[in-house]
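Structure file final.cif with mmCIF, C-alpha atoms and all ligand atoms:
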```
data_target
loop_
_atom_site.label_atom_id
_atom_site.label_comp_id
_atom_site.auth_asym_id
_atom_site.auth_seq_id
_atom_site.Cartn_x
_atom_site.Cartn_y
_atom_site.Cartn_z
CA LEU U 42 115.56 103.54 115.06
CA PHE U 43 114.96 99.86 115.73
CA SER U 44 115.51 99.97 119.48
CA GLY U 45 112.32 102.00 120.06
CA PRO U 46 108.69 100.90 119.80
CA ILE U 47 107.55 98.95 116.76
CA ALA U 48 103.94 97.93 116.29
CA PHE U 49 101.75 96.19 113.77
CA LEU U 50 99.38 98.80 112.33
CA LYS U 51 97.14 97.00 109.86
CA SER U 52 96.75 94.64 106.93
CA ALA U 53 95.53 95.88 103.57
CA PRO U 54 93.97 93.21 101.34
CA SER U 55 93.20 95.91 98.77
CA LEU U 56 94.05 99.54 98.13
CA GLU U 57 91.04 100.98 99.98
CA PHE U 58 92.57 99.65 103.17
CA LEU U 59 95.95 101.37 102.84
CA PRO U 60 96.85 103.59 105.79
CA ASP U 61 97.01 107.35 105.20
CA PRO U 62 100.34 108.23 103.60
CA GLU U 63 101.49 110.19 106.64
CA VAL U 64 105.04 108.83 106.90
CA GLU U 65 107.67 107.35 104.59
CA GLU U 66 107.53 103.64 103.85
CA VAL U 67 110.14 100.96 103.15
CA ALA U 68 108.78 97.72 101.70
CA PHE U 69 110.03 94.12 101.81
CA ALA U 70 109.27 91.79 98.92
CA GLY U 71 110.28 88.30 97.88
CA ARG U 72 109.16 84.81 96.94
CA SER U 73 107.21 82.81 99.47
CA ASN U 74 109.62 81.10 101.84
CA VAL U 75 112.52 83.43 100.99
CA GLY U 76 112.90 84.20 104.70
CA LYS U 77 111.08 87.55 104.74
CA SER U 78 109.29 87.09 108.07
CA SER U 79 112.47 85.85 109.75
CA LEU U 80 114.41 88.82 108.40
CA LEU U 81 111.78 91.37 109.47
CA ASN U 82 111.76 89.86 112.94
CA LYS U 83 115.55 89.92 113.13
CA LEU U 84 115.70 93.48 111.82
CA THR U 85 113.28 94.69 114.46
CA ASN U 86 114.55 92.43 117.27
CA ARG U 87 111.08 90.93 117.65
CA ARG U 88 110.35 87.26 117.88
CA ASP U 89 107.10 87.21 115.95
CA LEU U 90 106.27 90.63 114.63
CA ALA U 91 105.90 89.25 111.13
CA ARG U 92 104.15 85.92 111.18
CA THR U 93 105.10 83.22 108.79
CA SER U 94 102.30 81.80 106.75
CA ASN U 95 103.04 79.32 104.06
CA THR U 96 99.46 78.89 102.96
CA PRO U 97 99.09 80.10 99.39
CA GLY U 98 96.40 82.72 99.02
CA ARG U 99 96.30 83.50 102.70
CA THR U 100 98.97 86.13 102.63
CA GLN U 101 97.75 88.33 99.79
CA GLU U 102 97.88 91.41 101.94
CA LEU U 103 100.20 94.29 102.61
CA ASN U 104 101.11 94.40 106.30
CA PHE U 105 102.13 97.71 107.84
CA PHE U 106 104.38 98.15 110.88
CA ASP U 107 104.98 101.48 112.59
CA VAL U 108 108.49 102.19 113.79
CA GLY U 109 109.23 104.83 116.42
CA THR U 110 107.29 107.18 118.67
CA PRO U 111 106.90 109.71 117.22
CA LEU U 112 106.37 107.69 114.07
CA LYS U 113 109.53 107.62 111.92
CA VAL U 114 108.99 105.03 109.21
CA ARG U 115 106.48 102.39 108.24
CA LEU U 116 107.77 98.97 107.20
CA VAL U 117 105.62 97.21 104.64
CA ASP U 118 105.59 93.43 104.43
CA MET U 119 104.48 92.68 100.87
CA PRO U 120 102.72 89.42 100.09
CA GLY U 121 105.11 86.64 99.05
CA TYR U 122 104.94 85.60 95.42
CA GLY U 123 105.75 82.61 93.30
CA PHE U 124 104.06 79.98 95.41
CA ALA U 125 104.10 76.88 93.25
CA LYS U 126 100.58 75.84 94.11
CA ALA U 127 98.94 79.27 94.06
CA PRO U 128 95.85 79.30 91.88
CA LYS U 129 95.86 81.65 88.87
CA ASP U 130 93.39 84.11 90.39
CA VAL U 131 95.61 84.46 93.46
CA ALA U 132 98.58 85.31 91.26
CA ARG U 133 96.47 87.82 89.36
CA LYS U 134 95.19 89.45 92.55
CA TRP U 135 98.78 89.69 93.80
CA ARG U 136 99.86 91.39 90.60
CA TYR U 137 97.09 94.01 90.76
CA LEU U 138 97.56 94.75 94.43
CA VAL U 139 101.34 95.06 94.22
CA ASN U 140 101.39 96.95 90.95
CA ASP U 141 98.81 99.48 92.15
CA TYR U 142 100.61 99.94 95.43
CA LEU U 143 104.02 100.41 93.77
CA ARG U 144 102.73 102.85 91.19
CA GLY U 145 100.58 104.97 93.42
CA ARG U 146 102.49 105.22 96.65
CA GLN U 147 104.40 108.49 96.87
CA VAL U 148 105.62 107.79 100.41
CA LEU U 149 107.25 104.51 99.36
CA LYS U 150 110.95 105.35 99.43
CA ARG U 151 112.53 101.98 98.73
CA THR U 152 111.81 98.29 98.37
CA LEU U 153 114.15 95.64 99.67
CA LEU U 154 113.85 92.69 97.33
CA LEU U 155 114.75 89.45 99.06
CA VAL U 156 116.36 86.64 97.09
CA ASP U 157 117.35 83.25 98.51
CA SER U 158 121.13 82.99 98.22
CA ARG U 159 120.85 79.29 97.35
CA HIS U 160 118.77 80.10 94.27
CA GLY U 161 119.82 83.56 93.12
CA ILE U 162 117.53 85.74 90.99
CA LYS U 163 114.82 83.67 89.30
CA GLU U 164 112.42 84.49 86.47
CA ILE U 165 109.66 85.31 88.97
CA ASP U 166 112.02 87.78 90.69
CA ARG U 167 112.76 89.38 87.34
CA GLU U 168 109.04 90.02 86.92
CA ILE U 169 108.90 92.05 90.10
CA MET U 170 112.19 93.78 89.22
CA LYS U 171 110.50 94.88 86.01
CA MET U 172 107.45 96.11 87.95
CA LEU U 173 109.75 98.11 90.23
CA ASP U 174 111.74 99.50 87.29
CA ASP U 175 108.54 100.47 85.48
CA ALA U 176 107.07 102.08 88.59
CA ALA U 177 110.43 103.84 89.20
CA VAL U 178 110.52 102.59 92.78
CA SER U 179 114.09 102.44 94.02
CA TYR U 180 115.00 98.98 95.28
CA ARG U 181 117.88 96.95 96.59
CA VAL U 182 118.46 93.23 96.33
CA VAL U 183 119.04 91.42 99.64
CA LEU U 184 120.33 87.85 99.64
CA THR U 185 118.86 85.72 102.44
CA LYS U 186 119.85 82.50 104.25
CA ALA U 187 123.57 83.01 103.55
CA ASP U 188 124.38 80.50 106.30
CA LYS U 189 122.88 77.77 104.15
CA ILE U 190 125.56 77.72 101.44
CA LYS U 191 129.31 77.32 101.14
CA ALA U 192 131.38 80.51 101.22
CA SER U 193 132.66 79.94 97.66
CA ASP U 194 129.13 79.45 96.30
CA LEU U 195 128.02 82.55 98.18
CA ARG U 196 130.73 84.66 96.57
CA GLU U 197 129.62 83.42 93.18
CA VAL U 198 125.93 84.15 93.73
CA GLU U 199 126.80 87.58 95.16
CA ALA U 200 128.79 88.44 92.05
CA LEU U 201 126.09 87.23 89.66
CA THR U 202 123.31 88.96 91.60
CA ALA U 203 125.15 92.29 91.78
CA GLU U 204 125.98 92.07 88.08
CA GLU U 205 122.32 91.59 87.26
CA ALA U 206 121.14 94.31 89.67
CA ARG U 207 123.43 96.80 87.94
CA LYS U 208 121.53 96.31 84.69
CA HIS U 209 118.28 97.48 86.27
CA PRO U 210 117.58 101.21 86.23
CA ALA U 211 115.81 101.37 89.61
CA ALA U 212 118.05 98.89 91.43
CA HIS U 213 120.78 99.92 93.86
CA PRO U 214 124.11 98.73 92.39
CA ASP U 215 125.17 97.04 95.62
CA ILE U 216 123.46 94.08 97.19
CA ILE U 217 123.29 93.08 100.85
CA THR U 218 123.97 89.53 102.04
CA THR U 219 122.09 88.42 105.16
CA SER U 220 121.32 85.52 107.44
CA SER U 221 118.58 85.68 110.05
CA GLU U 222 120.24 82.67 111.62
CA THR U 223 123.68 84.21 112.23
CA GLY U 224 122.80 87.91 112.10
CA LEU U 225 125.05 88.48 109.08
CA GLY U 226 124.21 91.72 107.28
CA ILE U 227 121.48 92.80 109.69
CA ASP U 228 123.26 96.04 110.65
CA GLN U 229 123.79 96.78 106.98
CA LEU U 230 120.09 96.16 106.34
CA ARG U 231 119.15 98.53 109.16
CA LYS U 232 121.44 101.15 107.63
CA ALA U 233 119.78 100.60 104.25
CA VAL U 234 116.37 101.36 105.79
CA ILE U 235 117.70 104.49 107.50
CA GLU U 236 119.44 105.61 104.32
CA ALA U 237 116.23 105.12 102.33
CA ILE U 238 114.27 107.52 104.51
CA GLY U 239 117.15 109.90 105.20
P1 LIG U 301 108.79 83.85 104.37
O1 LIG U 301 107.78 82.92 103.81
O2 LIG U 301 109.51 84.57 103.30
O3 LIG U 301 108.24 84.78 105.43
O4 LIG U 301 109.92 82.94 105.05
P2 LIG U 301 110.16 82.55 106.58
O5 LIG U 301 110.80 83.67 107.32
O6 LIG U 301 108.92 81.96 107.13
O7 LIG U 301 111.29 81.43 106.38
C1 LIG U 301 111.05 80.26 105.64
C2 LIG U 301 111.89 79.12 106.22
O8 LIG U 301 113.27 79.42 106.09
C3 LIG U 301 111.66 78.91 107.72
O9 LIG U 301 111.73 77.53 107.97
C4 LIG U 301 112.82 79.64 108.37
O10 LIG U 301 113.18 79.10 109.62
C5 LIG U 301 113.92 79.45 107.35
N1 LIG U 301 114.87 80.57 107.36
C6 LIG U 301 114.57 81.87 107.21
N2 LIG U 301 115.67 82.63 107.24
C7 LIG U 301 116.71 81.80 107.42
C8 LIG U 301 118.14 81.98 107.54
O11 LIG U 301 118.69 83.08 107.47
N3 LIG U 301 118.88 80.85 107.70
C9 LIG U 301 118.34 79.61 107.77
N4 LIG U 301 119.16 78.58 107.92
N5 LIG U 301 117.01 79.41 107.67
C10 LIG U 301 116.21 80.48 107.49
#
```
With the file now loaded, output its structure as structure tokens.
Ligand code: GDP
Amino acid sequence: LFSGPIAFLKSAPSLEFLPDPEVEEVAFAGRSNVGKSSLLNKLTNRRDLARTSNTPGRTQELNFFDVGTPLKVRLVDMPGYGFAKAPKDVARKWRYLVNDYLRGRQVLKRTLLLVDSRHGIKEIDREIMKMLDDAAVSYRVVLTKADKIKASDLREVEALTAEEARKHPAAHPDIITTSSETGLGIDQLRKAVIEAIG
């Protein structure tokens, strides 16, 4: 799936700009700086498919990437959340955009929710977990930047994260641990995308 063509389709700053729901979608969500762009690039073997932008308010868009010819799946890069300096109206706009997308998008098969393995699930992540549970969108927690912490700390955060995921109705009971730096978990992540659309 990921060895064929992959192309940026469009950005949607609001729902009117969503592409036609002609193919299944798998979305990627997480706090700003969680490593989402790096992971999307690693997943698709592209150097800068997803661009990193750490400017708050600049990334309040859904970005769509087409995978395969003929088109097989659309990857959706959701705007990062939880930026410390984001003004209130930016946070509110994010909430509306994401909530409307999650609730109304029949072709959305799964969301991969990225969580920094150094921090584990935070309150702001719980808010989006609740949005996903309420919208009944199936999701799976993916730990990022696993190369950044000691193996023993990683085991601990994996256990705690999986334990919490299992309490959420729409969450997959198993988490995936990744590193864009070392390639850890990337094959598993690819399988999770394929499984979501299978
Ligand atoms: P985004 O804001 O979620 O798109 O995050 P980025 O992909 O831009 O990553 C934020 C920062 O974390 C950048 O400096 C990346 O180089 C770094 N980073 C991302 N993933 C990893 C990883 O797996 N390991 C390490 N060591 N650094 C990472």
Surrounding residues of U:Gly226 excluding itself and chain neighbours under 6 positions, 10 Å, only C-alpha atoms, as an MDAnalysis selection string: chainID U and resid 84 183:185 187 217:220 232
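Put simply, atom CA of U:Ala70 is 25.7 Å away from atom CA of U:Pro111.
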Do you know which residues are within 6 Å of ligand LIG 301 (chain U) using only C-alpha atoms and all ligand atoms? Can you write them as a list of chain:residue names?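 Here is the list of contacting residues: U:Ser73, U:Asn74, U:Val75, U:Gly76, U:Lys77, U:Ser78, U:Ser79, U:Thr93, U:Asn95, U:Thr185, U:Lys186, U:Asp188, U:Lys189, U:Ser220, U:Ser221, U:Glu222.
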Neighbouring residues of U:Glu65 were defined as those with any atom within 12 Å, considering all atoms listed in the file; residues of the same chain fewer than 4 positions away were excluded. Please report them as an MDAnalysis selection string. chainID U and resid 60:61 105:108 112:117 146:152 234:239
| How many Å separate atom CA of U:Ala48 from atom CA of U:Arg72? |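 Taking atom CA of U:Ala48 and atom CA of U:Arg72, their separation equals 24.0 Å.
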* To do: Quick one: residues within 12 Å of (114.0, 84.6, 92.8) (file frame), counting all atoms listed in the file, please, as a VMD selection string.
  => chain U and resid 70 to 76 121 to 124 154 to 170 182 to 185 198 202
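Nearest to U:Trp135 of all the residues U:Thr110, U:Ala68, U:Pro54, U:Asp215 is U:Pro54, counting only C-alpha atoms.
Going from atom CA of U:Ala132 over to atom CA of U:Ala212, you cover 23.7 Å.
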Of U:Lys83, U:Arg133, U:Arg196, U:Ala91, the one sitting nearest U:Leu225 when using all atoms listed in the file is U:Lys83
_All residues 8 Å or closer to U:Pro214, all atoms listed in the file, same chain fewer than 2 positions away omitted, as an MDAnalysis selection string_ = chainID U and resid 181 203 206:207 212 216
Report task. Go through U:Leu195, U:Ala177, U:Ile190, U:Met172 one by one, measure the shortest atom-to-atom distance of each to U:Pro210 using all atoms listed in the file, and give the residue with the smallest value. Result ->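 For U:Pro210, the nearest of the candidates is U:Ala177.
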Nearest to U:His209, restricted to only C-alpha atoms and choosing among U:Asp175, U:Ala233, U:Asp228, U:Asp194, comes out as U:Asp175
*Exercise: residues within 10 Å of coordinate (94.1, 92.5, 101.7), counting only C-alpha atoms, as a count of residues only*: 19
For U:Leu153, which residue out of U:Ala125, U:Ala200, U:Val178, U:Leu90 is the nearest one, using only C-alpha atoms?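 Of U:Ala125, U:Ala200, U:Val178, U:Leu90, the one nearest U:Leu153, counting only C-alpha atoms, is U:Val178.
You can rank U:Ile47, U:Val131, U:Val64, U:Ala211 by their closest distance to U:Asp89 using all atoms listed in the file, and at the top of that list sits U:Ile47.
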Give the centre and edge lengths of an axis-aligned box, in Å to one decimal, that holds all listed atoms of stretch 70-77 of chain U with 6 Å on each side, as JSON.
```
{"center_x": 110.1, "center_y": 86.4, "center_z": 100.8, "size_x": 17.7, "size_y": 22.7, "size_z": 19.8}
```
